[in-house]
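Data block for protein.cif (mmCIF, C-alpha atoms and all ligand atoms):
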data_structure
#
loop_
_atom_site.group_PDB
_atom_site.id
_atom_site.type_symbol
_atom_site.label_atom_id
_atom_site.label_comp_id
_atom_site.auth_asym_id
_atom_site.auth_seq_id
_atom_site.Cartn_x
_atom_site.Cartn_y
_atom_site.Cartn_z
ATOM 1 C CA MET L 1 149.041 -4.210 244.862
ATOM 2 C CA LYS L 2 145.510 -5.525 245.499
ATOM 3 C CA LYS L 3 143.122 -5.670 242.563
ATOM 4 C CA ILE L 4 140.208 -3.275 242.729
ATOM 5 C CA ILE L 5 136.671 -4.481 242.058
ATOM 6 C CA ILE L 6 133.967 -1.866 241.575
ATOM 7 C CA ALA L 7 130.246 -2.629 241.722
ATOM 8 C CA ASN L 8 128.159 -0.321 239.546
ATOM 9 C CA TRP L 9 124.583 -0.715 240.728
ATOM 10 C CA LYS L 10 123.370 1.773 238.084
ATOM 11 C CA MET L 11 119.711 2.750 238.697
ATOM 12 C CA GLN L 12 118.607 -0.847 239.214
ATOM 13 C CA LEU L 13 117.578 -0.830 242.886
ATOM 14 C CA SER L 14 115.085 0.809 245.217
ATOM 15 C CA LEU L 15 116.551 2.370 248.335
ATOM 16 C CA LYS L 16 115.331 -0.585 250.373
ATOM 17 C CA GLU L 17 116.935 -3.066 247.961
ATOM 18 C CA SER L 18 120.201 -1.103 248.104
ATOM 19 C CA LEU L 19 120.298 -1.380 251.881
ATOM 20 C CA VAL L 20 119.610 -5.120 251.775
ATOM 21 C CA LEU L 21 122.323 -5.688 249.171
ATOM 22 C CA ALA L 22 124.828 -3.546 251.098
ATOM 23 C CA ARG L 23 124.233 -5.533 254.287
ATOM 24 C CA GLY L 24 124.582 -8.757 252.297
ATOM 25 C CA TYR L 25 127.961 -7.562 250.962
ATOM 26 C CA VAL L 26 129.230 -6.835 254.480
ATOM 27 C CA LYS L 27 128.108 -10.267 255.674
ATOM 28 C CA LYS L 28 129.179 -12.447 252.770
ATOM 29 C CA LEU L 29 132.079 -10.902 250.822
ATOM 30 C CA ASN L 30 135.730 -11.630 251.374
ATOM 31 C CA LEU L 31 136.815 -8.094 252.311
ATOM 32 C CA GLN L 32 140.527 -8.808 252.594
ATOM 33 C CA LYS L 33 141.559 -10.084 249.182
ATOM 34 C CA ASN L 34 140.714 -7.171 246.891
ATOM 35 C CA GLU L 35 139.781 -3.513 247.235
ATOM 36 C CA ILE L 36 136.013 -3.303 246.899
ATOM 37 C CA VAL L 37 134.089 -0.201 245.878
ATOM 38 C CA VAL L 38 130.316 0.130 245.690
ATOM 39 C CA CYS L 39 128.687 2.773 243.503
ATOM 40 C CA PRO L 40 124.967 3.044 244.333
ATOM 41 C CA ASP L 41 122.714 5.798 243.022
ATOM 42 C CA TYR L 42 123.028 9.238 244.624
ATOM 43 C CA ALA L 43 119.984 8.803 246.847
ATOM 44 C CA ALA L 44 121.477 5.727 248.516
ATOM 45 C CA LEU L 45 124.966 7.138 249.174
ATOM 46 C CA ALA L 46 124.282 8.671 252.592
ATOM 47 C CA PHE L 47 122.416 5.576 253.774
ATOM 48 C CA LEU L 48 125.162 3.190 252.715
ATOM 49 C CA ALA L 49 127.993 5.144 254.333
ATOM 50 C CA PRO L 50 127.204 3.941 257.894
ATOM 51 C CA ILE L 51 126.763 0.332 256.687
ATOM 52 C CA PHE L 52 130.239 0.312 255.109
ATOM 53 C CA LYS L 53 131.914 2.281 257.907
ATOM 54 C CA ASN L 54 134.735 0.256 259.485
ATOM 55 C CA THR L 55 134.608 -2.323 256.687
ATOM 56 C CA ASN L 56 137.006 -2.454 253.736
ATOM 57 C CA ILE L 57 134.243 -1.453 251.332
ATOM 58 C CA ALA L 58 134.656 2.026 249.858
ATOM 59 C CA LEU L 59 131.870 4.108 248.379
ATOM 60 C CA GLY L 60 131.695 5.742 244.976
ATOM 61 C CA ALA L 61 129.194 7.776 242.981
ATOM 62 C CA GLN L 62 128.128 7.009 239.416
ATOM 63 C CA ASP L 63 128.658 10.563 238.178
ATOM 64 C CA CYS L 64 129.149 14.114 239.455
ATOM 65 C CA ALA L 65 128.645 17.694 238.310
ATOM 66 C CA PHE L 66 131.255 19.602 236.294
ATOM 67 C CA SER L 67 131.512 22.185 239.067
ATOM 68 C CA ALA L 68 131.673 22.045 242.864
ATOM 69 C CA LYS L 69 129.046 24.794 243.338
ATOM 70 C CA GLY L 70 126.765 26.973 241.270
ATOM 71 C CA ALA L 71 123.363 27.515 239.716
ATOM 72 C CA TYR L 72 123.168 24.083 238.082
ATOM 73 C CA THR L 73 119.714 22.739 238.875
ATOM 74 C CA GLY L 74 119.606 18.992 239.308
ATOM 75 C CA GLU L 75 123.358 18.487 239.371
ATOM 76 C CA VAL L 76 125.197 16.824 242.270
ATOM 77 C CA SER L 77 128.388 18.404 243.548
ATOM 78 C CA PRO L 78 131.581 16.355 243.898
ATOM 79 C CA LEU L 79 132.168 18.299 247.102
ATOM 80 C CA ASN L 80 128.996 16.881 248.633
ATOM 81 C CA ILE L 81 129.684 13.387 247.266
ATOM 82 C CA GLN L 82 133.051 13.517 248.990
ATOM 83 C CA SER L 83 131.568 14.791 252.244
ATOM 84 C CA LEU L 84 129.103 11.883 252.270
ATOM 85 C CA GLY L 85 132.096 9.577 252.555
ATOM 86 C CA ALA L 86 132.580 8.557 248.924
ATOM 87 C CA LYS L 87 136.117 8.188 247.611
ATOM 88 C CA TYR L 88 135.459 7.356 243.968
ATOM 89 C CA VAL L 89 133.312 8.602 241.116
ATOM 90 C CA ILE L 90 132.585 6.860 237.814
ATOM 91 C CA LEU L 91 132.855 9.362 234.941
ATOM 92 C CA GLY L 92 132.236 9.016 231.230
ATOM 93 C CA HIS L 93 130.253 5.786 231.478
ATOM 94 C CA SER L 94 128.976 4.755 228.041
ATOM 95 C CA GLU L 95 125.355 4.959 229.243
ATOM 96 C CA ARG L 96 125.845 8.629 230.115
ATOM 97 C CA ARG L 97 127.625 9.250 226.834
ATOM 98 C CA GLU L 98 124.726 7.651 224.963
ATOM 99 C CA TYR L 99 121.576 8.640 226.882
ATOM 100 C CA LEU L 100 122.713 11.941 228.426
ATOM 101 C CA LYS L 101 124.829 12.952 225.424
ATOM 102 C CA GLU L 102 127.924 13.585 227.532
ATOM 103 C CA ASP L 103 130.928 14.469 225.395
ATOM 104 C CA SER L 104 134.654 14.347 226.023
ATOM 105 C CA VAL L 105 134.913 18.057 226.854
ATOM 106 C CA LEU L 106 132.337 17.704 229.634
ATOM 107 C CA ILE L 107 133.873 14.462 230.893
ATOM 108 C CA ASN L 108 137.314 16.079 230.998
ATOM 109 C CA GLN L 109 135.880 18.951 233.047
ATOM 110 C CA LYS L 110 134.195 16.491 235.436
ATOM 111 C CA ILE L 111 137.437 14.541 235.914
ATOM 112 C CA LYS L 112 139.263 17.762 236.801
ATOM 113 C CA VAL L 113 136.650 18.920 239.298
ATOM 114 C CA ALA L 114 136.439 15.442 240.861
ATOM 115 C CA LEU L 115 140.211 15.466 241.426
ATOM 116 C CA GLU L 116 140.056 18.982 242.905
ATOM 117 C CA ASN L 117 137.477 17.668 245.359
ATOM 118 C CA LYS L 118 139.537 14.669 246.429
ATOM 119 C CA LEU L 119 137.568 12.028 244.568
ATOM 120 C CA VAL L 120 139.258 9.328 242.511
ATOM 121 C CA PRO L 121 137.752 9.417 239.004
ATOM 122 C CA VAL L 122 137.022 6.060 237.400
ATOM 123 C CA PHE L 123 137.243 7.241 233.810
ATOM 124 C CA CYS L 124 135.370 4.913 231.441
ATOM 125 C CA ILE L 125 136.370 4.462 227.836
ATOM 126 C CA GLY L 126 135.385 1.864 225.262
ATOM 127 C CA GLU L 127 134.714 1.370 221.588
ATOM 128 C CA ARG L 128 131.241 0.755 220.230
ATOM 129 C CA LEU L 129 130.375 -2.028 217.820
ATOM 130 C CA ALA L 130 130.820 0.352 214.858
ATOM 131 C CA GLU L 131 134.445 1.142 215.730
ATOM 132 C CA LYS L 132 135.182 -2.502 216.467
ATOM 133 C CA ARG L 133 133.733 -3.615 213.114
ATOM 134 C CA ALA L 134 135.683 -0.903 211.303
ATOM 135 C CA GLY L 135 138.932 -2.096 212.936
ATOM 136 C CA LYS L 136 139.290 1.274 214.676
ATOM 137 C CA THR L 137 139.240 0.191 218.322
ATOM 138 C CA LYS L 138 142.668 1.486 219.321
ATOM 139 C CA GLU L 139 142.319 4.690 217.318
ATOM 140 C CA TYR L 140 139.009 5.408 219.069
ATOM 141 C CA LEU L 141 140.344 4.574 222.530
ATOM 142 C CA LEU L 142 143.341 6.817 221.992
ATOM 143 C CA GLN L 143 141.066 9.675 221.031
ATOM 144 C CA GLU L 144 138.942 9.148 224.158
ATOM 145 C CA LEU L 145 142.093 9.063 226.288
ATOM 146 C CA ARG L 146 143.590 12.195 224.756
ATOM 147 C CA GLN L 147 140.365 14.173 225.110
ATOM 148 C CA GLY L 148 139.374 12.900 228.547
ATOM 149 C CA LEU L 149 142.824 13.273 230.113
ATOM 150 C CA LYS L 150 143.691 16.598 228.457
ATOM 151 C CA GLY L 151 145.494 19.001 230.806
ATOM 152 C CA LEU L 152 145.268 16.647 233.786
ATOM 153 C CA LYS L 153 147.878 16.429 236.461
ATOM 154 C CA ILE L 154 147.920 13.489 238.850
ATOM 155 C CA LYS L 155 150.440 12.896 241.588
ATOM 156 C CA THR L 156 150.271 9.164 242.234
ATOM 157 C CA VAL L 157 149.036 5.923 240.702
ATOM 158 C CA ASN L 158 146.114 5.994 243.141
ATOM 159 C CA ASP L 159 144.696 9.322 241.960
ATOM 160 C CA LEU L 160 142.883 8.108 238.843
ATOM 161 C CA ILE L 161 141.579 4.823 237.466
ATOM 162 C CA ILE L 162 140.695 4.018 233.877
ATOM 163 C CA ALA L 163 137.989 1.460 233.133
ATOM 164 C CA TYR L 164 138.071 -0.175 229.712
ATOM 165 C CA GLU L 165 134.504 -1.142 228.875
ATOM 166 C CA PRO L 166 133.866 -2.148 225.268
ATOM 167 C CA VAL L 167 130.320 -0.833 224.834
ATOM 168 C CA TRP L 168 129.238 -3.909 222.861
ATOM 169 C CA ALA L 169 130.252 -6.119 225.811
ATOM 170 C CA ILE L 170 128.090 -4.413 228.449
ATOM 171 C CA SER L 171 125.549 -6.998 229.511
ATOM 172 C CA THR L 172 122.453 -4.833 229.056
ATOM 173 C CA ASN L 173 123.317 -4.091 225.416
ATOM 174 C CA LYS L 174 121.749 -6.289 222.749
ATOM 175 C CA GLY L 175 123.751 -9.406 221.916
ATOM 176 C CA ALA L 176 126.436 -8.539 224.479
ATOM 177 C CA LYS L 177 129.179 -10.999 225.261
ATOM 178 C CA PRO L 178 132.487 -10.471 227.071
ATOM 179 C CA ILE L 179 135.660 -9.833 225.159
ATOM 180 C CA SER L 180 138.194 -12.677 225.318
ATOM 181 C CA CYS L 181 140.641 -12.384 228.197
ATOM 182 C CA SER L 182 143.657 -12.284 225.899
ATOM 183 C CA GLU L 183 142.173 -9.549 223.722
ATOM 184 C CA ALA L 184 141.201 -7.534 226.808
ATOM 185 C CA ASP L 185 144.726 -7.905 228.161
ATOM 186 C CA GLU L 186 146.297 -6.736 224.926
ATOM 187 C CA ILE L 187 144.029 -3.672 224.718
ATOM 188 C CA GLN L 188 144.530 -2.871 228.397
ATOM 189 C CA LYS L 189 148.305 -2.933 227.821
ATOM 190 C CA PHE L 190 147.826 -0.410 225.026
ATOM 191 C CA ILE L 191 145.625 1.804 227.241
ATOM 192 C CA LYS L 192 148.155 1.729 230.076
ATOM 193 C CA GLU L 193 151.007 2.703 227.795
ATOM 194 C CA GLN L 194 149.076 5.519 226.145
ATOM 195 C CA ALA L 195 147.693 6.874 229.431
ATOM 196 C CA GLN L 196 151.184 6.856 230.905
ATOM 197 C CA LYS L 197 152.472 8.827 227.923
ATOM 198 C CA ILE L 198 149.727 11.431 228.341
ATOM 199 C CA LEU L 199 149.849 11.732 232.136
ATOM 200 C CA GLN L 200 153.540 10.998 232.705
ATOM 201 C CA LYS L 201 152.308 8.701 235.487
ATOM 202 C CA LYS L 202 151.245 5.075 235.721
ATOM 203 C CA VAL L 203 147.531 4.408 236.179
ATOM 204 C CA ARG L 204 145.475 1.343 236.960
ATOM 205 C CA VAL L 205 143.212 0.011 234.223
ATOM 206 C CA LEU L 206 140.124 -2.075 235.010
ATOM 207 C CA TYR L 207 138.080 -4.239 232.671
ATOM 208 C CA GLY L 208 134.279 -4.053 232.515
ATOM 209 C CA GLY L 209 131.657 -5.716 230.308
ATOM 210 C CA SER L 210 129.723 -8.923 231.081
ATOM 211 C CA VAL L 211 131.989 -9.929 233.952
ATOM 212 C CA LYS L 212 130.285 -12.849 235.693
ATOM 213 C CA ALA L 213 131.014 -15.293 238.495
ATOM 214 C CA GLU L 214 132.284 -17.794 235.925
ATOM 215 C CA ASN L 215 134.758 -15.544 234.044
ATOM 216 C CA ALA L 216 135.986 -13.051 236.684
ATOM 217 C CA ALA L 217 138.994 -15.094 237.831
ATOM 218 C CA ASP L 218 140.243 -15.447 234.239
ATOM 219 C CA PHE L 219 140.090 -11.684 233.708
ATOM 220 C CA LEU L 220 141.789 -11.002 237.038
ATOM 221 C CA ALA L 221 144.618 -13.370 236.111
ATOM 222 C CA GLN L 222 145.660 -11.189 233.156
ATOM 223 C CA ALA L 223 148.832 -9.145 233.606
ATOM 224 C CA HIS L 224 147.368 -5.814 232.518
ATOM 225 C CA ILE L 225 144.009 -6.052 234.229
ATOM 226 C CA ASP L 226 144.198 -4.275 237.583
ATOM 227 C CA GLY L 227 140.623 -5.015 238.519
ATOM 228 C CA LEU L 228 137.038 -5.110 237.344
ATOM 229 C CA LEU L 229 134.027 -2.853 236.937
ATOM 230 C CA VAL L 230 130.948 -5.007 237.372
ATOM 231 C CA GLY L 231 127.349 -4.071 236.570
ATOM 232 C CA GLY L 232 124.695 -6.811 236.425
ATOM 233 C CA ALA L 233 126.606 -9.444 238.376
ATOM 234 C CA SER L 234 127.116 -7.073 241.306
ATOM 235 C CA LEU L 235 123.384 -7.095 242.050
ATOM 236 C CA GLN L 236 123.431 -10.584 243.581
ATOM 237 C CA VAL L 237 125.468 -11.163 246.734
ATOM 238 C CA LYS L 238 126.182 -14.754 245.684
ATOM 239 C CA ASP L 239 127.633 -13.804 242.272
ATOM 240 C CA PHE L 240 129.574 -10.834 243.583
ATOM 241 C CA SER L 241 131.037 -12.862 246.424
ATOM 242 C CA ILE L 242 132.439 -15.327 243.881
ATOM 243 C CA ILE L 243 133.822 -12.453 241.768
ATOM 244 C CA THR L 244 135.530 -10.824 244.749
ATOM 245 C CA ASN L 245 136.869 -14.047 246.229
HETATM 246 C C1 LIG L 301 128.866 -1.482 233.224
HETATM 247 O O1 LIG L 301 127.913 -1.047 232.583
HETATM 248 O O2 LIG L 301 129.656 -0.708 233.805
HETATM 249 C C2 LIG L 301 129.053 -2.923 233.280
HETATM 250 C C3 LIG L 301 130.246 -3.366 233.500
HETATM 251 O O3 LIG L 301 127.933 -3.696 233.109
HETATM 252 P P1 LIG L 301 127.844 -5.309 233.026
HETATM 253 O O4 LIG L 301 128.809 -5.863 234.026
HETATM 254 O O5 LIG L 301 126.426 -5.602 233.386
HETATM 255 O O6 LIG L 301 128.202 -5.666 231.639
#
Using structure tokens, write down the structure from this file.
Amino acid sequence: MKKIIIANWKMQLSLKESLVLARGYVKKLNLQKNEIVVCPDYAALAFLAPIFKNTNIALGAQDCAFSAKGAYTGEVSPLNIQSLGAKYVILGHSERREYLKEDSVLINQKIKVALENKLVPVFCIGERLAEKRAGKTKEYLLQELRQGLKGLKIKTVNDLIIAYEPVWAISTNKGAKPISCSEADEIQKFIKEQAQKILQKKVRVLYGGSVKAENAADFLAQAHIDGLLVGGASLQVKDFSIITN
């Protein structure tokens, strides 16, 4: 199975910059080796769809509403995300948990509604520095898995992806540095086993957190790392082309 590499552009780019970067991806990336997914902000989704059409680059959103329709001002429906051509949606990212106060109940609801609307959720979990320092990483991850995956039914390994992103390793957080490859691999093994117990199905688990051109290949070589979720380093065509090569 190919590895999957997801670019999370966050809210870092203007619409114009998003279009330039998307065209740069199409021109410069190796589109055969791995599955590549780009998650721009909502406003850019419709504009990027024609650029990626007939390429191997898939589109994803960075979040979606907890319902497909309704009186929810400001929310964006998974139904509309899907009809714009997106296949994936990142859910439960640590920035949304922190700044938008999203909790596990809401994230669980979003995962369910994304699946109902034929999107593949990329469910993010990860311990913060406090849990790491207290030696409670696995306990915390298990709790996030149990709450986020509660009551879910998936049919195949392709229906849902988990992204392990230790919050302290995300490049925009103070003092961030990547986890060691061997530690990531060991934790990803744990996540895979626990997720399989909960879902009764295998799932793919990606690593995210300060992935750069110089460390991506080492992460991808690990047995339990099925791919990468990349923030900062996905904003430069040159860096991302090394990561995806
Ligand atoms: C992220 O926030 O999803 C992420 C992986 O960021 P970075 O690669 O910049 O650490």
If the PyMOL selection byres (((not hetatm)) within 7 of (chain L and resi 301)) is run on the structure shown, which residues does it catch, given as a PyMOL selection string? chain L and resi 8+93+165+169-172+208-211+229-233
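Run against this file, the PyMOL selection byres (((chain L and resi 120) around 7) and not hetatm) gives back L:Lys87, L:Tyr88, L:Val89, L:Ala114, L:Leu115, L:Lys118, L:Leu119, L:Pro121, L:Val122, L:Asp159, L:Leu160.
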| request: Counting all atoms listed in the file, figure out which residue out of L:Val113, L:Leu91, L:Ile51, L:Val20 gets nearest to Pro78 (chain L). | output: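 The closest residue to Pro78 (chain L) is L:Val113.
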Under the PyMOL selection byres (((chain L and resi 4) around 10) and not hetatm), which residues of this model are included? Write them out as a PDB file with C-alpha atoms, keeping the file's coordinate frame.
ATOM      1  CA  MET L   1     149.041  -4.210 244.862  1.00  0.00           C
ATOM      2  CA  LYS L   2     145.510  -5.525 245.499  1.00  0.00           C
ATOM      3  CA  LYS L   3     143.122  -5.670 242.563  1.00  0.00           C
ATOM      4  CA  ILE L   5     136.671  -4.481 242.058  1.00  0.00           C
ATOM      5  CA  ILE L   6     133.967  -1.866 241.575  1.00  0.00           C
ATOM      6  CA  LYS L  33     141.559 -10.084 249.182  1.00  0.00           C
ATOM      7  CA  ASN L  34     140.714  -7.171 246.891  1.00  0.00           C
ATOM      8  CA  GLU L  35     139.781  -3.513 247.235  1.00  0.00           C
ATOM      9  CA  ILE L  36     136.013  -3.303 246.899  1.00  0.00           C
ATOM     10  CA  VAL L  37     134.089  -0.201 245.878  1.00  0.00           C
ATOM     11  CA  ILE L 161     141.579   4.823 237.466  1.00  0.00           C
ATOM     12  CA  ARG L 204     145.475   1.343 236.960  1.00  0.00           C
ATOM     13  CA  VAL L 205     143.212   0.011 234.223  1.00  0.00           C
ATOM     14  CA  LEU L 206     140.124  -2.075 235.010  1.00  0.00           C
ATOM     15  CA  LEU L 220     141.789 -11.002 237.038  1.00  0.00           C
ATOM     16  CA  ILE L 225     144.009  -6.052 234.229  1.00  0.00           C
ATOM     17  CA  ASP L 226     144.198  -4.275 237.583  1.00  0.00           C
ATOM     18  CA  GLY L 227     140.623  -5.015 238.519  1.00  0.00           C
ATOM     19  CA  LEU L 228     137.038  -5.110 237.344  1.00  0.00           C
ATOM     20  CA  LEU L 229     134.027  -2.853 236.937  1.00  0.00           C
ATOM     21  CA  THR L 244     135.530 -10.824 244.749  1.00  0.00           C
TER      22      THR L 244
END
Using only C-alpha atoms, the shortest atom-to-atom distance to Lys192 (chain L) among L:Leu141, L:Trp168, L:Ser241, L:Ala216 belongs to L:Leu141
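Take CA of Leu235 (chain L) and CA of Trp9 (chain L): the distance between them is 6.6 Å.
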From CA of Cys181 (chain L) to CA of Arg128 (chain L) the spacing works out at 18.0 Å
Query raised in the report: Of the candidates L:Gln82, L:Arg96, L:Gly151, L:Glu193, which one gets nearest to Leu45 (chain L) if we count only C-alpha atoms?
Result: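 Closest candidate: L:Gln82.
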Considering only C-alpha atoms, give me a table of residues in region 46-136 of chain L that are at most 12 Å from region 184-187 of chain L, with the closest atom pair and distance in Å for each, as JSON lines.
{"residue": "L:Ile125", "atom": "CA", "partner": "L:Ile187", "partner_atom": "CA", "distance": 11.6}
{"residue": "L:Gly126", "atom": "CA", "partner": "L:Ile187", "partner_atom": "CA", "distance": 10.3}
{"residue": "L:Glu127", "atom": "CA", "partner": "L:Ile187", "partner_atom": "CA", "distance": 11.0}
Pairwise distance, CA of Arg146 (chain L) with CA of Gln62 (chain L), equals 21.9 Å
**OP:** Between L:Ala217, L:Leu199, L:Ile243, L:Leu145, single out the one closest to Ala163 (chain L), counting only C-alpha atoms.
**Re:**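 The answer is L:Leu145, which sits nearest to Ala163 (chain L).
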Can I get region 128-137 of chain L with all heavy atoms filled in, as a PDB file, keeping the file's coordinate frame?
ATOM      1  N   ARG L 128     132.564   1.326 220.524  1.00  0.00           N
ATOM      2  CA  ARG L 128     131.241   0.755 220.230  1.00  0.00           C
ATOM      3  C   ARG L 128     131.413  -0.304 219.137  1.00  0.00           C
ATOM      4  O   ARG L 128     132.510  -0.457 218.585  1.00  0.00           O
ATOM      5  CB  ARG L 128     130.295   1.881 219.787  1.00  0.00           C
ATOM      6  CG  ARG L 128     130.082   2.907 220.896  1.00  0.00           C
ATOM      7  CD  ARG L 128     129.525   4.196 220.379  1.00  0.00           C
ATOM      8  NE  ARG L 128     130.463   4.816 219.441  1.00  0.00           N
ATOM      9  CZ  ARG L 128     130.325   6.024 218.918  1.00  0.00           C
ATOM     10  NH1 ARG L 128     129.292   6.773 219.243  1.00  0.00           N
ATOM     11  NH2 ARG L 128     131.199   6.516 218.066  1.00  0.00           N
ATOM     12  N   LEU L 129     130.303  -0.971 218.822  1.00  0.00           N
ATOM     13  CA  LEU L 129     130.375  -2.028 217.820  1.00  0.00           C
ATOM     14  C   LEU L 129     130.865  -1.471 216.472  1.00  0.00           C
ATOM     15  O   LEU L 129     131.649  -2.115 215.762  1.00  0.00           O
ATOM     16  CB  LEU L 129     128.987  -2.663 217.676  1.00  0.00           C
ATOM     17  CG  LEU L 129     128.942  -4.060 217.090  1.00  0.00           C
ATOM     18  CD1 LEU L 129     129.892  -5.001 217.810  1.00  0.00           C
ATOM     19  CD2 LEU L 129     127.501  -4.598 217.171  1.00  0.00           C
ATOM     20  N   ALA L 130     130.447  -0.250 216.148  1.00  0.00           N
ATOM     21  CA  ALA L 130     130.820   0.352 214.858  1.00  0.00           C
ATOM     22  C   ALA L 130     132.335   0.482 214.725  1.00  0.00           C
ATOM     23  O   ALA L 130     132.915   0.127 213.688  1.00  0.00           O
ATOM     24  CB  ALA L 130     130.157   1.720 214.716  1.00  0.00           C
ATOM     25  N   GLU L 131     132.982   0.983 215.789  1.00  0.00           N
ATOM     26  CA  GLU L 131     134.445   1.142 215.730  1.00  0.00           C
ATOM     27  C   GLU L 131     135.129  -0.221 215.689  1.00  0.00           C
ATOM     28  O   GLU L 131     136.126  -0.410 214.990  1.00  0.00           O
ATOM     29  CB  GLU L 131     134.968   1.933 216.928  1.00  0.00           C
ATOM     30  CG  GLU L 131     134.641   3.404 216.914  1.00  0.00           C
ATOM     31  CD  GLU L 131     133.291   3.758 217.506  1.00  0.00           C
ATOM     32  OE1 GLU L 131     132.851   3.074 218.460  1.00  0.00           O
ATOM     33  OE2 GLU L 131     132.677   4.713 217.012  1.00  0.00           O
ATOM     34  N   LYS L 132     134.580  -1.156 216.446  1.00  0.00           N
ATOM     35  CA  LYS L 132     135.182  -2.502 216.467  1.00  0.00           C
ATOM     36  C   LYS L 132     135.123  -3.113 215.059  1.00  0.00           C
ATOM     37  O   LYS L 132     136.119  -3.619 214.549  1.00  0.00           O
ATOM     38  CB  LYS L 132     134.431  -3.376 217.469  1.00  0.00           C
ATOM     39  CG  LYS L 132     134.931  -4.803 217.565  1.00  0.00           C
ATOM     40  CD  LYS L 132     134.122  -5.553 218.610  1.00  0.00           C
ATOM     41  CE  LYS L 132     134.130  -7.058 218.439  1.00  0.00           C
ATOM     42  NZ  LYS L 132     135.441  -7.658 218.479  1.00  0.00           N
ATOM     43  N   ARG L 133     133.912  -3.026 214.454  1.00  0.00           N
ATOM     44  CA  ARG L 133     133.733  -3.615 213.114  1.00  0.00           C
ATOM     45  C   ARG L 133     134.616  -2.943 212.077  1.00  0.00           C
ATOM     46  O   ARG L 133     135.067  -3.563 211.126  1.00  0.00           O
ATOM     47  CB  ARG L 133     132.272  -3.503 212.701  1.00  0.00           C
ATOM     48  CG  ARG L 133     131.429  -4.548 213.415  1.00  0.00           C
ATOM     49  CD  ARG L 133     130.043  -4.637 212.821  1.00  0.00           C
ATOM     50  NE  ARG L 133     129.298  -5.718 213.441  1.00  0.00           N
ATOM     51  CZ  ARG L 133     128.016  -5.660 213.752  1.00  0.00           C
ATOM     52  NH1 ARG L 133     127.308  -4.571 213.488  1.00  0.00           N
ATOM     53  NH2 ARG L 133     127.418  -6.682 214.302  1.00  0.00           N
ATOM     54  N   ALA L 134     134.854  -1.639 212.270  1.00  0.00           N
ATOM     55  CA  ALA L 134     135.683  -0.903 211.303  1.00  0.00           C
ATOM     56  C   ALA L 134     137.177  -1.085 211.585  1.00  0.00           C
ATOM     57  O   ALA L 134     138.022  -0.479 210.907  1.00  0.00           O
ATOM     58  CB  ALA L 134     135.309   0.579 211.350  1.00  0.00           C
ATOM     59  N   GLY L 135     137.517  -1.872 212.593  1.00  0.00           N
ATOM     60  CA  GLY L 135     138.932  -2.096 212.936  1.00  0.00           C
ATOM     61  C   GLY L 135     139.581  -0.854 213.530  1.00  0.00           C
ATOM     62  O   GLY L 135     140.796  -0.664 213.422  1.00  0.00           O
ATOM     63  N   LYS L 136     138.752  -0.001 214.172  1.00  0.00           N
ATOM     64  CA  LYS L 136     139.290   1.274 214.676  1.00  0.00           C
ATOM     65  C   LYS L 136     139.301   1.349 216.199  1.00  0.00           C
ATOM     66  O   LYS L 136     139.263   2.442 216.766  1.00  0.00           O
ATOM     67  CB  LYS L 136     138.452   2.421 214.103  1.00  0.00           C
ATOM     68  CG  LYS L 136     138.559   2.543 212.605  1.00  0.00           C
ATOM     69  CD  LYS L 136     138.176   3.911 212.135  1.00  0.00           C
ATOM     70  CE  LYS L 136     138.687   4.071 210.705  1.00  0.00           C
ATOM     71  NZ  LYS L 136     137.912   4.932 209.896  1.00  0.00           N
ATOM     72  N   THR L 137     139.329   0.197 216.851  1.00  0.00           N
ATOM     73  CA  THR L 137     139.240   0.191 218.322  1.00  0.00           C
ATOM     74  C   THR L 137     140.331   1.048 218.966  1.00  0.00           C
ATOM     75  O   THR L 137     140.038   1.955 219.751  1.00  0.00           O
ATOM     76  CB  THR L 137     139.318  -1.268 218.846  1.00  0.00           C
ATOM     77  OG1 THR L 137     138.151  -1.952 218.390  1.00  0.00           O
ATOM     78  CG2 THR L 137     139.374  -1.320 220.351  1.00  0.00           C
TER      79      THR L 137
END
